[in-house]
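Reproduced below: start-v8.txt, with compact mmCIF, C-alpha atoms.
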# COMPACT_ATOMS: atom_id res chain seq x y z
CA TYR A 1180 -64.92 -88.69 -112.47
CA SER A 1181 -61.87 -90.50 -111.11
CA LEU A 1182 -59.63 -88.65 -113.56
CA ALA A 1183 -61.20 -85.36 -112.42
CA GLY A 1184 -60.42 -86.33 -108.83
CA GLY A 1185 -56.85 -87.09 -109.83
CA ALA A 1186 -56.52 -83.72 -111.58
CA PHE A 1187 -57.72 -82.03 -108.42
CA ARG A 1188 -55.26 -83.92 -106.25
CA TYR A 1189 -52.44 -83.03 -108.64
CA THR A 1190 -53.27 -79.32 -108.70
CA ALA A 1191 -53.57 -79.35 -104.91
CA GLU A 1192 -50.02 -80.70 -104.72
CA GLU A 1193 -51.20 -84.01 -103.26
CA PRO A 1194 -49.33 -87.21 -104.20
CA LEU A 1195 -51.06 -89.71 -106.49
CA SER A 1196 -50.28 -93.02 -104.82
CA GLN A 1197 -49.90 -96.38 -106.55
CA PHE A 1198 -53.12 -97.46 -104.87
CA TRP A 1199 -54.96 -94.48 -106.39
CA TRP A 1200 -53.67 -95.28 -109.87
CA SER A 1201 -54.62 -98.94 -109.52
CA LEU A 1202 -58.09 -98.07 -108.28
CA THR A 1203 -58.61 -95.51 -111.06
CA CYS A 1204 -57.56 -97.94 -113.78
CA MET A 1205 -59.87 -100.58 -112.33
CA ARG A 1206 -62.78 -98.13 -112.24
CA ILE A 1207 -62.25 -96.98 -115.83
CA GLY A 1208 -61.95 -100.58 -117.01
CA CYS A 1209 -65.16 -101.54 -115.23
CA CYS A 1210 -66.95 -98.51 -116.69
CA LEU A 1211 -65.92 -99.41 -120.23
CA ALA A 1212 -66.98 -103.03 -119.76
CA LEU A 1213 -70.32 -102.07 -118.24
CA GLU A 1214 -71.00 -99.57 -121.02
CA ARG A 1215 -70.73 -102.35 -123.60
CA VAL A 1216 -72.75 -104.87 -121.63
CA LEU A 1217 -75.50 -102.51 -120.50
CA ALA A 1218 -75.89 -100.45 -123.66
CA ALA A 1219 -79.24 -102.17 -124.26
CA PHE A 1220 -80.48 -101.45 -120.73
CA PRO A 1221 -80.44 -97.63 -120.27
CA LEU A 1222 -82.31 -97.58 -116.95
CA THR A 1223 -80.00 -100.16 -115.38
CA ARG A 1224 -77.00 -98.28 -116.76
CA LEU A 1225 -78.27 -95.06 -115.16
CA VAL A 1226 -78.62 -96.74 -111.75
CA ILE A 1227 -75.14 -98.28 -111.92
CA THR A 1228 -73.61 -94.99 -113.10
CA ALA A 1229 -75.23 -93.14 -110.17
CA PHE A 1230 -73.91 -95.76 -107.74
CA GLY A 1231 -70.41 -95.45 -109.24
CA LEU A 1232 -70.46 -91.67 -108.88
CA LEU A 1233 -71.56 -91.97 -105.25
CA GLU A 1234 -68.81 -94.49 -104.50
CA ALA A 1235 -66.13 -92.35 -106.17
CA TYR A 1236 -67.41 -89.28 -104.34
CA THR A 1237 -67.31 -91.10 -101.00
CA HIS A 1238 -63.81 -92.49 -101.54
CA ASN A 1239 -62.09 -89.46 -103.06
CA VAL A 1240 -63.73 -86.62 -101.16
CA ARG A 1241 -65.35 -87.66 -97.92
CA GLY A 1242 -62.55 -89.60 -96.28
CA ARG A 1243 -62.90 -91.94 -93.34
CA ILE A 1244 -64.98 -91.19 -90.26
CA PRO A 1245 -62.81 -91.45 -87.12
CA THR A 1246 -63.47 -93.55 -84.08
CA ASP A 1247 -66.52 -92.95 -81.91
CA ARG A 1248 -64.74 -94.07 -78.76
CA ILE A 1249 -65.49 -92.02 -75.65
CA SER A 1250 -62.48 -90.14 -74.33
CA SER A 1251 -61.85 -87.51 -71.66
CA GLY A 1252 -59.67 -84.52 -70.90
CA VAL A 1253 -59.64 -80.85 -71.84
CA ALA A 1254 -58.89 -79.42 -75.28
CA LEU A 1255 -58.19 -75.93 -76.56
CA VAL A 1256 -59.09 -75.34 -80.22
CA THR A 1257 -58.10 -72.10 -81.92
CA GLY A 1258 -60.36 -70.80 -84.67
CA SER A 1259 -63.31 -72.52 -83.00
CA THR A 1260 -65.89 -69.85 -83.83
CA ALA A 1261 -66.55 -71.20 -87.34
CA GLY A 1262 -65.72 -73.84 -89.92
CA ILE A 1263 -63.43 -76.76 -89.15
CA GLY A 1264 -62.57 -75.45 -85.68
CA PHE A 1265 -66.22 -75.24 -84.64
CA GLN A 1266 -66.93 -78.76 -85.87
CA THR A 1267 -63.77 -80.08 -84.21
CA CYS A 1268 -65.14 -78.79 -80.91
CA VAL A 1269 -68.51 -80.43 -81.56
CA LEU A 1270 -66.91 -83.79 -82.40
CA LEU A 1271 -64.66 -83.67 -79.34
CA CYS A 1272 -67.59 -82.85 -77.05
CA GLU A 1273 -69.59 -85.72 -78.55
CA ARG A 1274 -66.77 -88.02 -77.48
CA GLY A 1275 -66.52 -86.77 -73.90
CA VAL A 1276 -63.74 -84.18 -74.22
CA ASP A 1277 -64.31 -80.79 -72.60
CA VAL A 1278 -63.39 -77.89 -74.89
CA LEU A 1279 -62.13 -74.40 -74.15
CA VAL A 1280 -63.42 -71.91 -76.73
CA PRO A 1281 -61.20 -68.88 -77.48
CA ALA A 1282 -62.31 -65.87 -79.53
CA ARG A 1283 -61.41 -62.27 -80.22
CA SER A 1284 -63.99 -61.20 -77.63
CA VAL A 1285 -65.44 -62.84 -74.53
CA GLU A 1286 -68.96 -62.30 -75.88
CA GLN A 1287 -68.13 -64.18 -79.07
CA ALA A 1288 -66.54 -67.01 -77.08
CA LEU A 1289 -69.66 -67.29 -74.90
CA LYS A 1290 -72.00 -67.39 -77.90
CA THR A 1291 -69.84 -69.98 -79.70
CA ALA A 1292 -69.64 -72.22 -76.61
CA GLN A 1293 -73.45 -72.19 -76.36
CA LEU A 1294 -73.78 -73.15 -80.03
CA ILE A 1295 -71.25 -75.99 -79.62
CA ASN A 1296 -73.11 -77.38 -76.60
CA GLU A 1297 -76.42 -77.21 -78.48
CA ALA A 1298 -74.93 -79.03 -81.47
CA SER A 1299 -73.04 -81.73 -79.54
CA LYS A 1300 -75.42 -82.39 -76.62
CA GLY A 1301 -72.51 -83.71 -74.54
CA PRO A 1302 -71.11 -85.61 -72.80
CA GLY A 1303 -68.24 -83.14 -73.14
CA ILE A 1304 -68.86 -79.48 -72.35
CA ALA A 1305 -67.68 -76.39 -74.22
CA ARG A 1306 -66.62 -73.51 -71.99
CA PRO A 1307 -65.78 -69.97 -73.15
CA CYS A 1308 -62.33 -68.59 -72.38
CA SER A 1309 -62.38 -65.57 -70.08
CA VAL A 1310 -59.57 -63.75 -71.91
CA PRO A 1311 -59.76 -62.71 -75.60
CA LEU A 1312 -57.28 -64.16 -78.08
CA ASP A 1313 -55.83 -62.41 -81.14
CA LEU A 1314 -53.21 -64.68 -82.67
CA ALA A 1315 -51.71 -61.78 -84.63
CA SER A 1316 -50.79 -59.96 -81.40
CA ARG A 1317 -47.92 -61.10 -79.16
CA GLU A 1318 -49.36 -59.27 -76.16
CA SER A 1319 -52.78 -60.86 -76.62
CA VAL A 1320 -51.32 -64.38 -76.94
CA LYS A 1321 -49.17 -63.83 -73.82
CA LYS A 1322 -52.14 -62.71 -71.68
CA PHE A 1323 -54.30 -65.52 -73.00
CA ALA A 1324 -51.71 -68.22 -72.29
CA GLU A 1325 -51.20 -66.93 -68.75
CA SER A 1326 -54.93 -67.29 -68.07
CA LEU A 1327 -55.06 -71.03 -68.80
CA THR A 1328 -54.56 -73.98 -66.49
CA ASP A 1329 -53.61 -77.55 -67.42
CA ILE A 1330 -55.01 -79.00 -70.67
CA ASN A 1331 -54.52 -82.24 -72.59
CA LEU A 1332 -55.11 -81.34 -76.23
CA LEU A 1333 -54.07 -78.26 -78.18
CA VAL A 1334 -55.50 -77.96 -81.69
CA LEU A 1335 -53.87 -75.13 -83.65
CA ASN A 1336 -56.61 -74.74 -86.21
CA ALA A 1337 -57.05 -71.01 -86.89
CA GLY A 1338 -55.91 -69.68 -90.25
CA VAL A 1339 -56.36 -66.72 -92.56
CA MET A 1340 -55.78 -65.93 -96.25
CA MET A 1341 -55.04 -62.25 -96.85
CA PRO A 1342 -55.13 -61.01 -100.46
CA ALA A 1343 -53.63 -57.64 -99.54
CA TYR A 1344 -50.36 -57.08 -97.71
CA HIS A 1345 -50.90 -56.05 -94.11
CA LEU A 1346 -48.33 -55.56 -91.38
CA THR A 1347 -49.29 -56.17 -87.74
CA LYS A 1348 -48.25 -53.76 -85.00
CA ASP A 1349 -45.59 -56.30 -83.97
CA GLY A 1350 -43.95 -56.02 -87.41
CA ALA A 1351 -45.01 -59.31 -89.05
CA GLU A 1352 -47.07 -59.91 -92.18
CA GLN A 1353 -50.66 -60.76 -91.18
CA THR A 1354 -50.79 -64.27 -92.68
CA VAL A 1355 -47.52 -65.38 -91.06
CA ALA A 1356 -48.46 -63.73 -87.76
CA ALA A 1357 -51.85 -65.45 -87.45
CA ASN A 1358 -51.04 -68.81 -89.04
CA HIS A 1359 -47.57 -69.44 -87.60
CA LEU A 1360 -46.18 -66.98 -85.06
CA GLY A 1361 -49.28 -66.80 -82.87
CA HIS A 1362 -49.56 -70.57 -82.77
CA PHE A 1363 -45.83 -70.93 -82.10
CA GLN A 1364 -46.05 -68.58 -79.12
CA LEU A 1365 -49.20 -70.24 -77.80
CA ALA A 1366 -47.86 -73.80 -78.09
CA THR A 1367 -44.48 -73.05 -76.54
CA SER A 1368 -46.14 -71.15 -73.68
CA LEU A 1369 -48.59 -73.96 -72.95
CA ALA A 1370 -46.16 -76.87 -73.37
CA PRO A 1371 -45.40 -77.11 -69.61
CA ARG A 1372 -49.16 -77.25 -68.91
CA LEU A 1373 -49.98 -80.06 -71.34
CA LYS A 1374 -50.64 -83.10 -69.15
CA GLY A 1375 -51.69 -86.73 -69.49
CA ASP A 1376 -51.96 -88.02 -73.06
CA ALA A 1377 -50.77 -84.60 -74.25
CA ARG A 1378 -51.03 -83.79 -77.93
CA VAL A 1379 -50.57 -80.79 -80.21
CA VAL A 1380 -52.37 -80.98 -83.56
CA VAL A 1381 -51.32 -78.39 -86.14
CA VAL A 1382 -53.82 -77.90 -88.97
CA SER A 1383 -51.69 -77.32 -92.06
CA SER A 1384 -52.51 -77.84 -95.74
CA ALA A 1385 -51.35 -79.84 -98.75
CA LEU A 1386 -50.36 -76.45 -100.20
CA HIS A 1387 -47.23 -76.60 -98.02
CA ARG A 1388 -45.73 -78.74 -100.80
CA LYS A 1389 -46.02 -75.80 -103.18
CA ALA A 1390 -43.94 -73.68 -100.79
CA ALA A 1391 -41.35 -76.42 -100.31
CA ARG A 1392 -40.52 -76.25 -104.04
CA MET A 1393 -39.94 -72.49 -104.11
CA ARG A 1394 -36.42 -71.59 -105.13
CA ASP A 1395 -35.69 -69.26 -102.20
CA ILE A 1396 -37.86 -70.98 -99.62
CA PRO A 1397 -35.36 -70.83 -96.70
CA GLN A 1398 -35.31 -67.03 -96.96
CA LYS A 1399 -39.11 -66.84 -97.31
CA LEU A 1400 -39.61 -69.01 -94.23
CA LEU A 1401 -37.45 -66.72 -92.10
CA ASP A 1402 -38.77 -63.44 -93.51
CA PHE A 1403 -41.75 -62.69 -91.27
CA ARG A 1404 -42.13 -59.13 -92.52
CA GLY A 1405 -42.39 -59.71 -96.26
CA ALA A 1406 -43.01 -56.84 -98.67
CA ALA A 1407 -46.07 -55.32 -100.29
CA GLN A 1408 -44.45 -55.47 -103.74
CA THR A 1409 -43.90 -59.23 -103.65
CA HIS A 1410 -46.93 -60.32 -101.59
CA LYS A 1411 -49.04 -63.02 -103.24
CA LEU A 1412 -52.09 -64.55 -101.59
CA PHE A 1413 -51.44 -68.26 -102.17
CA ASP A 1414 -47.68 -68.00 -101.83
CA ALA A 1415 -47.97 -66.37 -98.40
CA TYR A 1416 -50.55 -68.93 -97.31
CA ALA A 1417 -48.47 -71.86 -98.61
CA VAL A 1418 -45.35 -70.60 -96.81
CA SER A 1419 -47.28 -70.29 -93.53
CA LYS A 1420 -48.53 -73.87 -93.93
CA LEU A 1421 -44.98 -75.11 -94.51
CA GLN A 1422 -43.98 -73.23 -91.36
CA ASN A 1423 -46.69 -75.21 -89.56
CA VAL A 1424 -45.23 -78.53 -90.75
CA LEU A 1425 -41.65 -77.58 -89.81
CA PHE A 1426 -42.84 -76.29 -86.44
CA ALA A 1427 -44.50 -79.66 -85.73
CA HIS A 1428 -41.19 -81.45 -86.37
CA ALA A 1429 -39.17 -79.06 -84.19
CA PHE A 1430 -41.74 -79.07 -81.37
CA ALA A 1431 -41.93 -82.88 -81.31
CA SER A 1432 -38.15 -83.27 -81.11
CA ARG A 1433 -37.96 -80.79 -78.20
CA ASN A 1434 -40.95 -82.21 -76.33
CA PRO A 1435 -40.94 -86.02 -76.72
CA GLN A 1436 -43.45 -86.30 -73.87
CA ILE A 1437 -46.00 -84.46 -76.04
CA ALA A 1438 -47.27 -85.88 -79.33
CA CYS A 1439 -47.22 -83.33 -82.15
CA VAL A 1440 -48.63 -83.95 -85.63
CA ALA A 1441 -49.54 -81.76 -88.59
CA CYS A 1442 -52.63 -82.55 -90.63
CA HIS A 1443 -54.33 -81.64 -93.89
CA PRO A 1444 -58.14 -81.51 -93.55
CA GLY A 1445 -58.75 -81.73 -97.29
CA PHE A 1446 -60.58 -79.41 -99.66
CA VAL A 1447 -63.20 -77.99 -97.29
CA PHE A 1448 -65.94 -75.42 -97.86
CA THR A 1449 -65.32 -72.91 -95.04
CA SER A 1450 -65.20 -69.17 -94.44
CA VAL A 1451 -61.43 -69.02 -95.00
CA THR A 1452 -62.21 -67.07 -98.20
CA ARG A 1453 -63.90 -64.28 -96.21
CA HIS A 1454 -60.95 -61.92 -96.79
CA LEU A 1455 -60.83 -62.52 -100.55
CA PRO A 1456 -62.27 -60.01 -103.08
CA LEU A 1457 -66.07 -59.84 -103.31
CA TYR A 1458 -66.23 -61.35 -106.80
CA VAL A 1459 -64.28 -64.42 -105.62
CA ARG A 1460 -66.61 -64.91 -102.66
CA LEU A 1461 -69.69 -64.55 -104.85
CA ALA A 1462 -68.32 -67.05 -107.36
CA HIS A 1463 -67.60 -69.45 -104.51
CA VAL A 1464 -71.18 -69.22 -103.28
CA LEU A 1465 -72.76 -69.48 -106.75
CA ALA A 1466 -70.69 -72.58 -107.49
CA VAL A 1467 -71.96 -74.50 -104.44
CA PRO A 1468 -74.02 -77.00 -106.50
CA PHE A 1469 -70.83 -77.93 -108.36
CA TRP A 1470 -68.36 -77.75 -105.48
CA VAL A 1471 -70.49 -80.03 -103.31
CA LEU A 1472 -69.17 -82.88 -105.45
CA PHE A 1473 -65.56 -82.00 -104.65
CA GLN A 1474 -65.43 -80.21 -101.30
CA LYS A 1475 -65.90 -81.59 -97.82
CA THR A 1476 -68.27 -80.06 -95.35
CA PRO A 1477 -66.62 -78.49 -92.26
CA ARG A 1478 -67.68 -81.48 -90.15
CA GLN A 1479 -66.02 -83.89 -92.60
CA GLY A 1480 -62.95 -81.65 -92.69
CA ALA A 1481 -62.75 -81.90 -88.89
CA HIS A 1482 -62.49 -85.71 -89.03
CA CYS A 1483 -58.74 -85.59 -89.62
CA SER A 1484 -58.11 -83.28 -86.65
CA LEU A 1485 -60.27 -85.50 -84.45
CA HIS A 1486 -58.44 -88.61 -85.61
CA CYS A 1487 -55.11 -87.02 -84.66
CA CYS A 1488 -56.52 -86.04 -81.26
CA LEU A 1489 -57.90 -89.44 -80.27
CA SER A 1490 -56.22 -92.21 -82.25
CA PRO A 1491 -53.75 -94.33 -80.21
CA SER A 1492 -51.46 -94.23 -83.26
CA PHE A 1493 -50.57 -90.61 -82.50
CA SER A 1494 -49.80 -90.83 -78.80
CA ALA A 1495 -46.46 -89.59 -77.49
CA ALA A 1496 -45.49 -93.17 -76.64
CA SER A 1497 -46.06 -94.21 -80.25
CA LEU A 1498 -44.35 -91.24 -81.93
CA ARG A 1499 -41.33 -91.04 -79.58
CA GLY A 1500 -40.37 -87.47 -80.33
CA GLU A 1501 -41.17 -87.63 -84.04
CA SER A 1502 -43.90 -85.82 -85.94
CA ARG A 1503 -46.27 -87.08 -88.63
CA PHE A 1504 -48.21 -85.50 -91.48
CA VAL A 1505 -51.76 -86.85 -91.63
CA ALA A 1506 -54.13 -86.31 -94.56
CA ASP A 1507 -57.61 -87.83 -94.77
CA CYS A 1508 -56.87 -89.78 -91.56
CA ARG A 1509 -53.86 -91.45 -93.17
CA VAL A 1510 -50.16 -90.75 -92.66
CA GLU A 1511 -48.54 -89.27 -95.76
CA ARG A 1512 -45.07 -88.06 -96.59
CA GLU A 1513 -44.96 -84.30 -96.35
CA GLY A 1514 -43.21 -82.05 -98.82
CA LEU A 1515 -40.11 -80.56 -97.21
CA PRO A 1516 -37.40 -78.20 -98.48
CA PRO A 1517 -33.77 -79.36 -98.81
CA HIS A 1518 -32.08 -79.95 -95.43
CA PRO A 1519 -35.38 -79.90 -93.51
CA ARG A 1520 -33.88 -80.41 -90.04
CA GLU A 1521 -31.58 -77.43 -90.41
CA VAL A 1522 -34.34 -75.27 -91.86
CA ALA A 1523 -36.74 -76.28 -89.08
CA GLU A 1524 -34.12 -75.41 -86.48
CA MET A 1525 -33.48 -72.01 -88.05
CA LEU A 1526 -37.21 -71.32 -88.19
CA TRP A 1527 -37.60 -72.28 -84.53
CA ARG A 1528 -34.81 -69.96 -83.40
CA ARG A 1529 -36.09 -67.11 -85.57
CA SER A 1530 -39.65 -67.56 -84.27
CA GLU A 1531 -38.46 -67.82 -80.67
CA ALA A 1532 -36.53 -64.57 -81.01
CA PHE A 1533 -39.53 -62.82 -82.58
CA VAL A 1534 -42.10 -63.76 -79.94

Please, can you express the file's structure as structure tokens?
Amino acid sequence: YSLAGGAFRYTAEEPLSQFWWSLTCMRIGCCLALERVLAAFPLTRLVITAFGLLEAYTHNVRGRIPTDRISSGVALVTGSTAGIGFQTCVLLCERGVDVLVPARSVEQALKTAQLINEASKGPGIARPCSVPLDLASRESVKKFAESLTDINLLVLNAGVMMPAYHLTKDGAEQTVAANHLGHFQLATSLAPRLKGDARVVVVSSALHRKAARMRDIPQKLLDFRGAAQTHKLFDAYAVSKLQNVLFAHAFASRNPQIACVACHPGFVFTSVTRHLPLYVRLAHVLAVPFWVLFQKTPRQGAHCSLHCCLSPSFSAASLRGESRFVADCRVEREGLPPHPREVAEMLWRRSEAFV
């Protein structure tokens, strides 16, 4: 089971640390020893095997539960109508943070806010935003940002995976527009209104490492339009997640008074596959009994975002104008292309000109 977990981490472009290798070797050694000792006691062996599976599952998949300390302030979480974003709102409200709930329609925002309040039961309160938000539209993001007052936390959580090439009316490929450009415009517009222990948390993915190794990645990062002939689902998604990581670095260096970190929630069972072909979605649903061993629930996936929002380790005073990449509530080294500072600066200028 540990080797299967390692294979998953490798295919997901996640680093296999020395600690992981040591722990895996220790587990395998213990399993071999126990098999020899307990061969004559099948029932005891079954109990110990079940306990070992549960422990491996808890360590490799679930991650650590963040602090339960009560906080305060106001947070805005994009993509809060479902999945990780919804659960991030619930966890923040449970810890005393008021949450602003954006959506594509005011009715949807109102319904989602009610569901969040029912799930969290306070002390924080979820309030619907009065202006709709479509991250793939520059005009929508502009109107939405103008409607907001001061906030403390900005969680850029929304994300899409588009199997087919689609160009927005602003002239950007849909995945890049929703995952990067919309969040870039929103964060830069709201930066002057982030007060107190201000933080920006960018939900990225370990798949950004896949994009960082692409041969022509600087050109891909700056090409917001793309092309139907070369569009690939996971490549486009991976590039947008690398844009998230580079944006976090550039934003932090320009706004040292605001903490900015990128995070990887893990392998989470969410509705992000809703745009994939029907057969893929059906296979995903039918495989739930198997995937439950490997995927986090949305609430567990939200732990990393919550940790970045509330942990003293990620305050502006602690980071001092630098960004971090956080996976499973632990700081990891992100995968970056050659000359990352220059590439991040070029991406910032290109994004600024576009929005």

Here CA of Gly1361 (chain A) and CA of Val1269 (chain A) stand apart by 23.6 Å

Q) Can you list, as a VMD selection string, every protein, DNA or RNA residue that comes within 9 Å of Arg1499 (chain A) when you count only C-alpha atoms, leaving out same-chain residues fewer than 2 positions away? A) chain A and resid 1431 to 1432 1435 to 1438 1494 to 1497 1501 to 1502

Nearest to Gly1303 (chain A), restricted to all atoms listed in the file and choosing among A:Ser1383, A:Gln1364, A:Thr1228, A:Ser1251, comes out as A:Ser1251

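Distances to Ala1390 (chain A) were evaluated for A:Arg1529, A:His1428, A:Lys1420, A:Arg1274 using only C-alpha atoms, and the minimum falls at A:Lys1420.
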
Closest of A:Ala1506, A:Ala1441, A:Met1205, A:Ala1292 to Val1334 (chain A), counting all atoms listed in the file, is A:Ala1441

Determine, counting all atoms listed in the file, which protein, DNA and RNA residues have an atom within 10 Å of an atom of Phe1430 (chain A); residues of the same chain fewer than 3 positions away are not included. Present the result as a list of chain:residue names.
A:Phe1363, A:Ala1366, A:Thr1367, A:Ala1370, A:Val1379, A:Leu1425, A:Phe1426, A:Ala1427, A:Arg1433, A:Asn1434, A:Pro1435, A:Ile1437, A:Ala1438, A:Cys1439, A:Val1440, A:Gly1500, A:Glu1501, A:Ser1502, A:Ala1523, A:Glu1524, A:Trp1527

Determine, counting all atoms listed in the file, every residue of protein, DNA or RNA that lies within 12 Å of (-64.1, -73.6, -86.0) in the file coordinates, then give the result as a ChimeraX atom specification. /A:1255-1270,1278,1280-1282,1288,1291-1292,1294-1295,1334-1338,1382,1449-1451,1477-1478,1480-1481,1484

Could region 1370-1378 of chain A be completed with all heavy atoms and returned as a short mmCIF file (atom, residue, chain, number, x, y, z; two decimals), keeping the file's coordinate frame?
data_model
loop_
_atom_site.label_atom_id
_atom_site.label_comp_id
_atom_site.auth_asym_id
_atom_site.auth_seq_id
_atom_site.Cartn_x
_atom_site.Cartn_y
_atom_site.Cartn_z
N ALA A 1370 -46.80 -75.55 -73.42
CA ALA A 1370 -46.16 -76.87 -73.37
C ALA A 1370 -45.99 -77.39 -71.94
O ALA A 1370 -46.28 -78.58 -71.68
CB ALA A 1370 -44.82 -76.82 -74.10
N PRO A 1371 -45.54 -76.58 -70.97
CA PRO A 1371 -45.40 -77.11 -69.61
C PRO A 1371 -46.73 -77.47 -68.95
O PRO A 1371 -46.75 -78.19 -67.96
CB PRO A 1371 -44.73 -75.94 -68.86
CG PRO A 1371 -44.12 -75.09 -69.91
CD PRO A 1371 -45.02 -75.21 -71.09
N ARG A 1372 -47.85 -76.98 -69.51
CA ARG A 1372 -49.16 -77.25 -68.91
C ARG A 1372 -49.95 -78.30 -69.67
O ARG A 1372 -51.12 -78.51 -69.39
CB ARG A 1372 -49.97 -75.94 -68.83
CG ARG A 1372 -49.59 -75.08 -67.64
CD ARG A 1372 -50.20 -73.70 -67.75
NE ARG A 1372 -49.30 -72.80 -68.48
CZ ARG A 1372 -49.57 -71.54 -68.79
NH1 ARG A 1372 -50.74 -71.04 -68.44
NH2 ARG A 1372 -48.72 -70.81 -69.44
N LEU A 1373 -49.33 -78.95 -70.63
CA LEU A 1373 -49.98 -80.06 -71.34
C LEU A 1373 -49.72 -81.34 -70.57
O LEU A 1373 -48.57 -81.78 -70.46
CB LEU A 1373 -49.45 -80.16 -72.76
CG LEU A 1373 -49.93 -79.08 -73.73
CD1 LEU A 1373 -49.10 -79.07 -75.00
CD2 LEU A 1373 -51.40 -79.28 -74.07
N LYS A 1374 -50.76 -81.95 -70.05
CA LYS A 1374 -50.64 -83.10 -69.15
C LYS A 1374 -51.32 -84.34 -69.73
O LYS A 1374 -52.06 -84.27 -70.69
CB LYS A 1374 -51.26 -82.77 -67.78
CG LYS A 1374 -50.72 -81.49 -67.13
CD LYS A 1374 -49.24 -81.60 -66.81
CE LYS A 1374 -48.73 -80.34 -66.11
NZ LYS A 1374 -47.27 -80.41 -65.84
N GLY A 1375 -51.06 -85.48 -69.09
CA GLY A 1375 -51.69 -86.73 -69.49
C GLY A 1375 -51.25 -87.16 -70.88
O GLY A 1375 -50.08 -87.07 -71.24
N ASP A 1376 -52.23 -87.65 -71.67
CA ASP A 1376 -51.96 -88.02 -73.06
C ASP A 1376 -51.92 -86.73 -73.88
O ASP A 1376 -52.81 -86.42 -74.67
CB ASP A 1376 -53.05 -88.96 -73.58
CG ASP A 1376 -52.78 -89.43 -75.01
OD1 ASP A 1376 -51.65 -89.23 -75.50
OD2 ASP A 1376 -53.71 -89.99 -75.63
N ALA A 1377 -50.86 -85.95 -73.68
CA ALA A 1377 -50.77 -84.60 -74.25
C ALA A 1377 -50.49 -84.66 -75.74
O ALA A 1377 -49.62 -85.40 -76.19
CB ALA A 1377 -49.69 -83.80 -73.53
N ARG A 1378 -51.22 -83.84 -76.49
CA ARG A 1378 -51.03 -83.79 -77.93
C ARG A 1378 -51.20 -82.36 -78.45
O ARG A 1378 -52.01 -81.59 -77.94
CB ARG A 1378 -52.02 -84.70 -78.66
CG ARG A 1378 -51.99 -86.14 -78.20
CD ARG A 1378 -52.85 -87.03 -79.09
NE ARG A 1378 -52.99 -88.36 -78.53
CZ ARG A 1378 -53.50 -89.40 -79.16
NH1 ARG A 1378 -53.92 -89.26 -80.40
NH2 ARG A 1378 -53.60 -90.57 -78.57
#
